[in-house]
Structure formats: C-alpha cells, structure tokens
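**Student:** The file below is upload-v7.cif, mmCIF, C-alpha atoms and all ligand atoms:
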data_start
#
loop_
_atom_site.label_atom_id
_atom_site.label_comp_id
_atom_site.auth_asym_id
_atom_site.auth_seq_id
_atom_site.Cartn_x
_atom_site.Cartn_y
_atom_site.Cartn_z
CA MET A 292 64.39 71.44 16.28
CA LYS A 293 66.90 74.14 17.25
CA LYS A 294 69.29 71.48 18.47
CA LEU A 295 68.92 69.56 15.23
CA PHE A 296 69.64 72.74 13.29
CA LEU A 297 72.75 73.42 15.38
CA LEU A 298 73.94 69.85 14.81
CA LEU A 299 73.42 70.16 11.08
CA THR A 300 75.40 73.42 10.89
CA LEU A 301 78.22 71.84 12.87
CA VAL A 302 78.30 68.80 10.63
CA SER A 303 78.25 70.85 7.44
CA MET A 304 81.04 73.16 8.59
CA PRO A 305 84.29 72.73 6.64
CA VAL A 306 86.83 70.50 8.32
CA PHE A 307 89.95 72.17 9.69
CA ALA A 308 93.19 70.47 10.65
CA SER A 309 94.90 71.33 13.90
CA SER A 310 97.31 73.55 11.96
CA GLY A 311 94.36 75.59 10.77
CA ALA A 312 94.90 74.55 7.15
CA HIS A 313 91.74 73.91 5.20
CA LEU A 314 90.94 70.28 4.35
CA ASP A 315 88.73 69.38 1.41
CA GLU A 316 85.96 66.88 1.83
CA VAL A 317 86.15 63.60 -0.05
CA ASP A 318 83.50 61.07 -0.85
CA ILE A 319 84.66 57.70 0.53
CA ASP A 320 82.66 54.72 -0.71
CA MET A 321 83.71 51.12 -0.06
CA SER A 322 81.01 49.85 -2.42
CA ASP A 323 82.54 51.74 -5.37
CA THR A 324 84.71 48.85 -6.55
CA ALA A 325 85.73 50.59 -9.80
CA SER A 326 87.08 53.55 -7.80
CA LEU A 327 88.98 51.22 -5.44
CA GLN A 328 90.48 49.38 -8.42
CA ARG A 329 91.62 52.64 -10.03
CA GLY A 330 93.04 53.75 -6.67
CA ALA A 331 94.95 50.48 -6.35
CA GLY A 332 96.38 51.03 -9.83
CA LEU A 333 97.63 54.50 -8.88
CA PHE A 334 99.00 53.21 -5.58
CA VAL A 335 101.13 50.40 -7.04
CA ASN A 336 102.35 52.65 -9.87
CA TYR A 337 103.12 55.86 -7.99
CA CYS A 338 103.63 55.02 -4.31
CA LEU A 339 105.11 51.54 -3.77
CA SER A 340 108.48 52.55 -5.19
CA CYS A 341 109.17 54.45 -1.95
CA HIS A 342 106.47 53.44 0.54
CA SER A 343 105.37 50.02 1.77
CA ALA A 344 101.90 48.95 2.71
CA ALA A 345 103.31 45.98 4.51
CA PHE A 346 100.08 44.86 6.21
CA MET A 347 98.53 44.06 2.84
CA ARG A 348 99.05 41.04 0.60
CA TYR A 349 98.48 41.21 -3.15
CA ASN A 350 96.07 38.25 -3.18
CA ARG A 351 93.96 39.76 -0.41
CA MET A 352 93.68 42.98 -2.38
CA ALA A 353 92.82 41.00 -5.53
CA ALA A 354 90.02 39.16 -3.71
CA ASP A 355 88.61 42.21 -1.91
CA LEU A 356 88.64 44.48 -4.96
CA GLN A 357 87.53 41.76 -7.38
CA ILE A 358 90.64 42.03 -9.53
CA PRO A 359 91.55 38.71 -11.21
CA GLU A 360 94.81 37.33 -9.74
CA ASP A 361 96.51 37.09 -13.15
CA VAL A 362 95.80 40.78 -13.79
CA VAL A 363 97.43 41.62 -10.44
CA GLU A 364 100.39 39.34 -11.20
CA ASP A 365 100.96 40.77 -14.67
CA ASN A 366 100.24 44.45 -14.07
CA MET A 367 100.39 45.37 -10.41
CA MET A 368 103.19 43.41 -8.77
CA PHE A 369 106.36 45.45 -9.18
CA THR A 370 107.72 44.73 -5.72
CA ALA A 371 106.92 41.07 -5.01
CA ASP A 372 107.23 37.84 -6.94
CA ARG A 373 104.39 35.86 -5.45
CA ILE A 374 100.73 36.81 -5.29
CA GLY A 375 100.69 35.97 -1.57
CA GLY A 376 103.52 38.44 -0.94
CA LEU A 377 103.25 41.61 1.12
CA MET A 378 103.08 45.04 -0.51
CA LYS A 379 106.58 46.06 0.41
CA THR A 380 108.75 48.66 -1.24
CA THR A 381 112.01 47.60 -2.81
CA MET A 382 113.69 50.81 -1.70
CA PRO A 383 116.03 50.16 1.22
CA ALA A 384 115.04 52.36 4.17
CA LYS A 385 118.68 53.43 4.69
CA ASP A 386 119.04 54.71 1.13
CA ALA A 387 115.65 56.41 1.26
CA LYS A 388 116.79 58.29 4.38
CA LYS A 389 119.95 59.35 2.57
CA TRP A 390 118.08 60.46 -0.57
CA PHE A 391 115.09 62.20 0.98
CA GLY A 392 116.34 63.04 4.47
CA LYS A 393 113.35 61.07 5.83
CA THR A 394 112.35 57.45 5.45
CA PRO A 395 108.99 57.27 3.65
CA PRO A 396 106.61 55.86 6.29
CA ASP A 397 104.58 52.68 5.79
CA LEU A 398 101.21 53.71 4.39
CA SER A 399 99.07 50.77 5.61
CA LEU A 400 97.40 52.75 8.37
CA ILE A 401 97.97 56.30 7.24
CA ALA A 402 94.33 56.90 6.25
CA ARG A 403 93.35 56.14 9.83
CA SER A 404 95.99 58.23 11.54
CA ARG A 405 95.68 61.24 9.19
CA GLY A 406 92.07 60.84 8.03
CA PRO A 407 90.79 60.66 4.43
CA GLU A 408 90.30 64.45 4.08
CA TRP A 409 93.93 65.04 5.01
CA ILE A 410 95.24 62.47 2.47
CA TYR A 411 92.97 63.84 -0.26
CA THR A 412 94.04 67.43 0.37
CA TYR A 413 97.73 66.51 0.76
CA MET A 414 97.88 64.70 -2.58
CA ARG A 415 96.46 67.83 -4.29
CA SER A 416 98.58 70.43 -2.49
CA PHE A 417 102.06 70.06 -4.00
CA TYR A 418 103.78 73.05 -5.61
CA LEU A 419 107.16 73.94 -7.10
CA ASP A 420 109.64 75.35 -4.61
CA ASP A 421 113.24 76.22 -5.50
CA ASN A 422 114.25 76.27 -1.84
CA SER A 423 113.30 72.64 -1.26
CA PRO A 424 115.87 69.85 -1.89
CA SER A 425 113.35 67.86 -3.97
CA GLY A 426 112.14 70.96 -5.84
CA TRP A 427 108.65 70.47 -4.33
CA ASN A 428 106.76 71.67 -1.33
CA ASN A 429 103.25 71.12 -0.02
CA VAL A 430 100.75 73.68 1.28
CA LEU A 431 99.35 71.21 3.81
CA PHE A 432 102.72 69.70 4.87
CA GLU A 433 105.32 72.46 4.93
CA LYS A 434 108.88 71.45 3.96
CA VAL A 435 107.71 67.95 3.08
CA ALA A 436 110.49 65.58 2.00
CA MET A 437 108.25 63.82 -0.52
CA PRO A 438 108.38 65.03 -4.12
CA HIS A 439 105.19 65.51 -6.14
CA VAL A 440 105.08 62.00 -7.62
CA MET A 441 101.92 62.59 -9.64
CA TYR A 442 103.01 65.87 -11.26
CA SER A 443 102.81 64.34 -14.74
CA LEU A 444 99.07 63.96 -14.06
CA GLN A 445 98.33 67.15 -12.13
CA GLY A 446 100.92 69.42 -13.71
CA ALA A 447 103.48 71.65 -12.01
CA ARG A 448 102.18 74.68 -10.13
CA HIS A 449 103.48 77.66 -8.20
CA ALA A 450 101.74 78.56 -4.96
CA VAL A 451 100.95 82.23 -4.37
CA PHE A 452 100.91 83.36 -0.73
CA LYS A 453 99.54 86.57 0.75
CA LYS A 454 99.87 88.26 4.11
CA ASP A 455 96.98 87.89 6.54
CA GLU A 456 95.95 90.53 9.11
CA HIS A 457 98.72 89.37 11.50
CA GLY A 458 101.35 89.70 8.78
CA ARG A 459 101.71 85.93 8.42
CA GLU A 460 102.16 84.33 5.01
CA VAL A 461 99.07 82.34 4.13
CA PHE A 462 98.30 80.36 1.02
CA ASP A 463 96.16 82.19 -1.51
CA HIS A 464 96.01 80.29 -4.81
CA TYR A 465 97.94 78.16 -7.31
CA GLU A 466 99.26 79.19 -10.70
CA MET A 467 99.75 76.48 -13.29
CA VAL A 468 103.28 76.47 -14.76
CA LYS A 469 103.11 73.31 -16.87
CA PRO A 470 99.78 71.47 -17.18
CA GLY A 471 99.71 67.71 -16.66
CA SER A 472 97.83 65.07 -18.59
CA LEU A 473 94.67 65.49 -16.48
CA ASN A 474 92.55 68.60 -15.95
CA GLU A 475 91.67 69.72 -12.43
CA GLU A 476 88.43 67.77 -12.25
CA GLU A 477 90.05 64.57 -13.53
CA PHE A 478 92.96 64.89 -11.12
CA ASP A 479 90.59 65.44 -8.19
CA ALA A 480 88.76 62.26 -9.23
CA ALA A 481 92.07 60.37 -9.37
CA ALA A 482 93.06 61.69 -5.92
CA ARG A 483 89.66 60.59 -4.62
CA ASP A 484 90.18 57.07 -6.03
CA LEU A 485 93.61 56.91 -4.40
CA THR A 486 92.21 58.12 -1.06
CA ASN A 487 89.33 55.65 -1.30
CA PHE A 488 91.87 52.86 -1.81
CA MET A 489 93.99 54.02 1.14
CA VAL A 490 90.93 54.01 3.40
CA TYR A 491 90.32 50.40 2.31
CA LEU A 492 94.01 49.63 2.91
CA ALA A 493 93.81 50.93 6.46
CA GLU A 494 91.01 48.51 7.34
CA PRO A 495 90.38 45.74 4.78
CA ALA A 496 87.92 44.11 7.21
CA GLN A 497 85.43 46.91 6.53
CA MET A 498 84.73 45.25 3.16
CA VAL A 499 83.55 42.15 5.01
CA ARG A 500 81.54 44.29 7.41
CA TYR A 501 79.95 46.12 4.52
CA LYS A 502 78.87 42.89 2.78
CA LEU A 503 77.77 41.36 6.08
CA GLY A 504 75.59 44.40 6.75
CA VAL A 505 73.64 43.77 3.54
CA TYR A 506 73.06 40.12 4.47
CA VAL A 507 71.95 41.09 7.95
CA LEU A 508 69.39 43.51 6.50
CA ILE A 509 68.07 40.86 4.08
CA PHE A 510 67.83 38.40 6.98
CA LEU A 511 65.95 40.93 9.10
CA ALA A 512 63.51 41.63 6.27
CA ILE A 513 62.68 37.92 5.87
CA PHE A 514 62.60 37.36 9.63
CA PHE A 515 60.12 40.21 9.97
CA VAL A 516 57.57 38.38 7.82
CA PHE A 517 57.70 35.25 10.00
CA ALA A 518 57.72 37.23 13.24
CA TYR A 519 54.67 39.14 12.05
CA LEU A 520 52.79 35.96 11.07
CA LEU A 521 53.66 34.39 14.41
CA LYS A 522 52.44 37.47 16.27
CA LYS A 523 49.16 37.34 14.36
CA GLU A 524 48.78 33.65 15.20
CA TYR A 525 49.43 34.22 18.93
CA TRP A 526 47.07 37.17 19.25
CA LYS A 527 44.23 35.92 17.08
CA ASP A 528 42.16 34.54 20.00
CA VAL A 529 42.88 37.35 22.45
CA HIS A 530 40.42 39.97 21.18
C1 LIG B 1 110.08 59.27 -4.31
C2 LIG B 1 109.66 58.63 -3.11
C3 LIG B 1 108.20 58.72 -2.74
C4 LIG B 1 107.13 58.33 -3.50
C5 LIG B 1 107.14 57.69 -4.87
C6 LIG B 1 105.95 58.60 -2.69
N1 LIG B 1 106.30 59.15 -1.50
FE1 LIG B 1 105.03 59.63 0.00
N2 LIG B 1 106.61 60.25 1.15
C7 LIG B 1 107.94 60.18 0.77
C8 LIG B 1 108.77 60.73 1.83
C9 LIG B 1 110.29 60.84 1.81
C10 LIG B 1 107.88 61.10 2.88
C11 LIG B 1 108.25 61.72 4.22
C12 LIG B 1 107.93 63.17 4.15
C13 LIG B 1 108.32 63.96 5.38
O1 LIG B 1 108.16 63.44 6.50
O2 LIG B 1 108.75 65.10 5.21
C14 LIG B 1 106.54 60.79 2.40
C15 LIG B 1 105.37 61.04 3.13
C16 LIG B 1 104.10 60.69 2.73
C17 LIG B 1 102.90 60.91 3.50
C18 LIG B 1 102.81 61.63 4.83
C19 LIG B 1 103.01 60.68 5.93
C20 LIG B 1 102.90 61.39 7.26
O3 LIG B 1 101.80 61.44 7.80
O4 LIG B 1 103.92 61.90 7.74
C21 LIG B 1 101.85 60.40 2.79
C22 LIG B 1 100.39 60.40 3.15
C23 LIG B 1 102.40 59.89 1.56
N3 LIG B 1 103.76 60.06 1.56
C24 LIG B 1 101.64 59.32 0.56
C25 LIG B 1 102.15 58.91 -0.65
C26 LIG B 1 101.32 58.40 -1.72
C27 LIG B 1 99.82 58.20 -1.65
C28 LIG B 1 102.16 58.15 -2.76
C29 LIG B 1 101.76 57.66 -4.14
C30 LIG B 1 100.87 58.52 -4.88
C31 LIG B 1 103.52 58.48 -2.34
N4 LIG B 1 103.46 58.95 -1.06
C32 LIG B 1 104.66 58.34 -3.13
C33 LIG B 1 108.45 59.71 -0.43
C34 LIG B 1 107.68 59.23 -1.47
#
Have the structure of the file written as structure tokens, please.
**Tutor:**
Amino acid sequence: MKKLFLLLTLVSMPVFASSGAHLDEVDIDMSDTASLQRGAGLFVNYCLSCHSAAFMRYNRMAADLQIPEDVVEDNMMFTADRIGGLMKTTMPAKDAKKWFGKTPPDLSLIARSRGPEWIYTYMRSFYLDDNSPSGWNNVLFEKVAMPHVMYSLQGARHAVFKKDEHGREVFDHYEMVKPGSLNEEEFDAAARDLTNFMVYLAEPAQMVRYKLGVYVLIFLAIFFVFAYLLKKEYWKDVH
C-alpha cells in the first residue's frame, strides 16, 4: 500500500524539463477526432508556412482524421497541389536561415523528441521582447528564433521576471499588452488541439493501433463466451 502511495505521488508530481522550467500537463486523446481536426486546421494555417511535416501526406491525414478529401483540397492544401503530396513548406531553407537565423526544423517527429507537455507549454509561452530580432521571446525556449505566430489568437504579452534566492532571474507571470481573439481558456484549448495533432503526426500508426485495440477487445469478449461453454462441456462429467 505504501509503495502504491509513493508511486501515485510520483506520477502526480508536476513534470519538469531538464532546464528546470515548469511544463504544463496536456490531455492527449487520439480518439478525439474533432480535436485532431481542429489541430490540423491550426497546423496548416499557422505552421506550414515555415515548417514542413515531410513524413505526412495530405491524403493520409484526410483518411486518418476523417476529413473529406475535397475539404482538404479546398481548405488545407496551401503547400502542395496534389492530395497525395507531402506536407512540405514552400519556404526555401536557405532563405529561412537568412530571415530567422535558424532553419525551422521539420515538425514530423517533434512531439516524440520534445514530448507533448513541452510542445503545449512552448506554444503558450511566447512574450514580447524588444531585444529579440523577431520581437518575440519564449519563457521555455530562451532566445528562440521563432516569432509568436498565433499572437492574433493569444494576444501579445510581456513577461515579468523576479529574482530567486540565488539572484537569478526567473519567470514570474505574464501581463497582457494587447488581447487576442481568444481568451486564456480558449487559447489553451486551441494549443491542446494543436499538440494533440502533433502527437498524431509523430506516429500516425497509433490510430491503427487504437482501432485495432478495440477490435481485439471485442474479439476477446466473444471468444470468452465460447471458451467458457467449451470448458463447461469438457468438465461436465468430471465431478
Ligand atoms: C515564421 C516562421 C515560423 C512559423 C510560421 C512557425 N515557426 Fe516554429 N520555428 C521557427 C523557427 C525559425 C524555429 C527555430 C527556433 C530556434 O531554434 O531558435 C522554430 C522552432 C519551432 C519548434 C522548436 C523545435 C525544437 O525543438 O528546436 C517548435 C516545436 C515549433 N517551431 C513549432 C511550431 C508550430 C506548432 C507552429 C505553428 C503553430 C510554428 N512552429 C510556426 C519558425 C516558425
């Protein structure tokens, strides 16, 4: 019992990145198709202009997320001209390097290398910074070269830092400068949808696994009935 209690406390402890920055938990759910669809919408609108997700094809996404192909073709394909095309950015890597100082990395696998909590926290941690070339900085990713692409949704904020006991500057809170079109709760929900989608992106096969798991359970339930009847038949003369 003690061990179980210890395990539970460990599991419920907040997650910390190696840098010591606090990461917020996010509810990832591959069965929430509506959330994945909204996340895909945000991704093609706000991310593909700079980043690729070059392991993913539009028609695969359409099939997995149950989005009709004509909807994808008409509303989601800004960077490819055929539905079987890869989700590549149209921004040349050389120019991106010149403009941002860093080439935006491919995002196909980012949710696996960084983890969903990191992505979720990162997308919600941008703030205005006059000392940064893009005008933006990020509490989780100091001196990040990426601007806050969703500021029209979240709004523009200043970050207020305070000194900790060792005299180091640590993040304290945000102050809203210019509100966006979403309130905090709505923006968190949007960031969750986007993170959910990026987790799908990092391993599309998990959708198949998820569906397969349901079939396996149904099969086991039916098989149980026959196995039980057979057992009864075999043992009926033994007693
Ligand atoms: C205007 C161009 C641009 C857009 C649009 C953009 N990014 Fe970025 N992004 C960058 C650049 C440049 C970097 C590299 C930052 C660095 O290394 O300092 C980056 C880095 C990242 C990273 C960190 C990668 C890592 O681990 O080093 C993530 C995650 C990310 N972007 C996600 C997104 C998502 C999600 C969107 C859409 C909501 C998006 N980006 C839209 C330019 C962009």
**Student:** Throw together the list of residues within 9 Å of ligand LIG 1 (chain B), counting all atoms listed in the file, and drop it here as a compact mmCIF listing (two decimals) with C-alpha atoms, in the coordinates of the input.
**Tutor:**
# COMPACT_ATOMS: atom_id res chain seq x y z
CA LEU A 333 97.63 54.50 -8.88
CA PHE A 334 99.00 53.21 -5.58
CA VAL A 335 101.13 50.40 -7.04
CA ASN A 336 102.35 52.65 -9.87
CA TYR A 337 103.12 55.86 -7.99
CA CYS A 338 103.63 55.02 -4.31
CA LEU A 339 105.11 51.54 -3.77
CA SER A 340 108.48 52.55 -5.19
CA CYS A 341 109.17 54.45 -1.95
CA HIS A 342 106.47 53.44 0.54
CA MET A 382 113.69 50.81 -1.70
CA ALA A 387 115.65 56.41 1.26
CA LYS A 388 116.79 58.29 4.38
CA TRP A 390 118.08 60.46 -0.57
CA PHE A 391 115.09 62.20 0.98
CA GLY A 392 116.34 63.04 4.47
CA LYS A 393 113.35 61.07 5.83
CA THR A 394 112.35 57.45 5.45
CA PRO A 395 108.99 57.27 3.65
CA PRO A 396 106.61 55.86 6.29
CA ASP A 397 104.58 52.68 5.79
CA LEU A 398 101.21 53.71 4.39
CA ILE A 401 97.97 56.30 7.24
CA ALA A 402 94.33 56.90 6.25
CA SER A 404 95.99 58.23 11.54
CA ARG A 405 95.68 61.24 9.19
CA TRP A 409 93.93 65.04 5.01
CA ILE A 410 95.24 62.47 2.47
CA TYR A 411 92.97 63.84 -0.26
CA TYR A 413 97.73 66.51 0.76
CA MET A 414 97.88 64.70 -2.58
CA PHE A 432 102.72 69.70 4.87
CA GLU A 433 105.32 72.46 4.93
CA LYS A 434 108.88 71.45 3.96
CA VAL A 435 107.71 67.95 3.08
CA ALA A 436 110.49 65.58 2.00
CA MET A 437 108.25 63.82 -0.52
CA PRO A 438 108.38 65.03 -4.12
CA HIS A 439 105.19 65.51 -6.14
CA VAL A 440 105.08 62.00 -7.62
CA MET A 441 101.92 62.59 -9.64
CA ALA A 482 93.06 61.69 -5.92
CA LEU A 485 93.61 56.91 -4.40
CA THR A 486 92.21 58.12 -1.06
CA MET A 489 93.99 54.02 1.14
**Student:** Give me, please, the distance in Å between atom CA of Gly376 of chain A and atom CA of Met352 of chain A, quoted to one decimal.
**Tutor:**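 Atom CA of Met352 of chain A lies 10.9 Å from atom CA of Gly376 of chain A.
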**Student:** What does the distance from atom CA of Ala312 of chain A to atom CA of Leu431 of chain A come to in Å, to one decimal?
**Tutor:**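 These atoms are spaced 6.5 Å apart.
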**Student:** From the options A:Lys379, A:Arg329, A:Arg373, A:Arg500, which residue's atoms come nearest to Phe346 of chain A, counting all atoms listed in the file?
**Tutor:**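 Of all the options, A:Lys379 lies closest to Phe346 of chain A.
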**Student:** Neighbouring residues of Glu494 of chain A were defined as those with any atom within 10 Å, considering all atoms listed in the file; residues of the same chain fewer than 3 positions away were excluded. Please report them as a ChimeraX atom specification.
**Tutor:** /A:346-347,399-400,402-403,489-491,497-498
**Student:** Could you tell me how far atom CA of Asp320 of chain A lies from atom CA of Ala344 of chain A, in Å and to one decimal?
**Tutor:**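 Between atom CA of Asp320 of chain A and atom CA of Ala344 of chain A the gap is 20.4 Å.
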**Student:** So, with all atoms listed in the file as the atoms that count, which of A:Glu460, A:Glu475, A:Asp355, A:Asp420 lies closest to Pro495 of chain A?
**Tutor:** A:Asp355
**Student:** Choose the residue, out of A:Leu377, A:Ile319, A:Ala512, A:Leu444, that has the smallest atom-to-atom separation from Phe478 of chain A; count all atoms listed in the file.
**Tutor:** A:Leu444
**Student:** Tell me, as a PyMOL selection string, which residues lie within 10 Å of Glu364 of chain A, counting all atoms listed in the file; anything in the same chain fewer than 6 positions away does not count.
**Tutor:** chain A and resi 349-350+353+371-374
**Student:** So which one's closest to Val461 of chain A, A:His313, A:Gly330, A:Tyr519, A:Thr380? Using all atoms listed in the file, please.
**Tutor:**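 Looking at the shortest contact to Val461 of chain A, the residue is A:His313.
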**Student:** Show which residues sit within 6 Å of Asn429 of chain A, as a ChimeraX atom specification. Count all atoms listed in the file, and ignore same-chain residues fewer than 6 positions away.
**Tutor:** /A:416-418
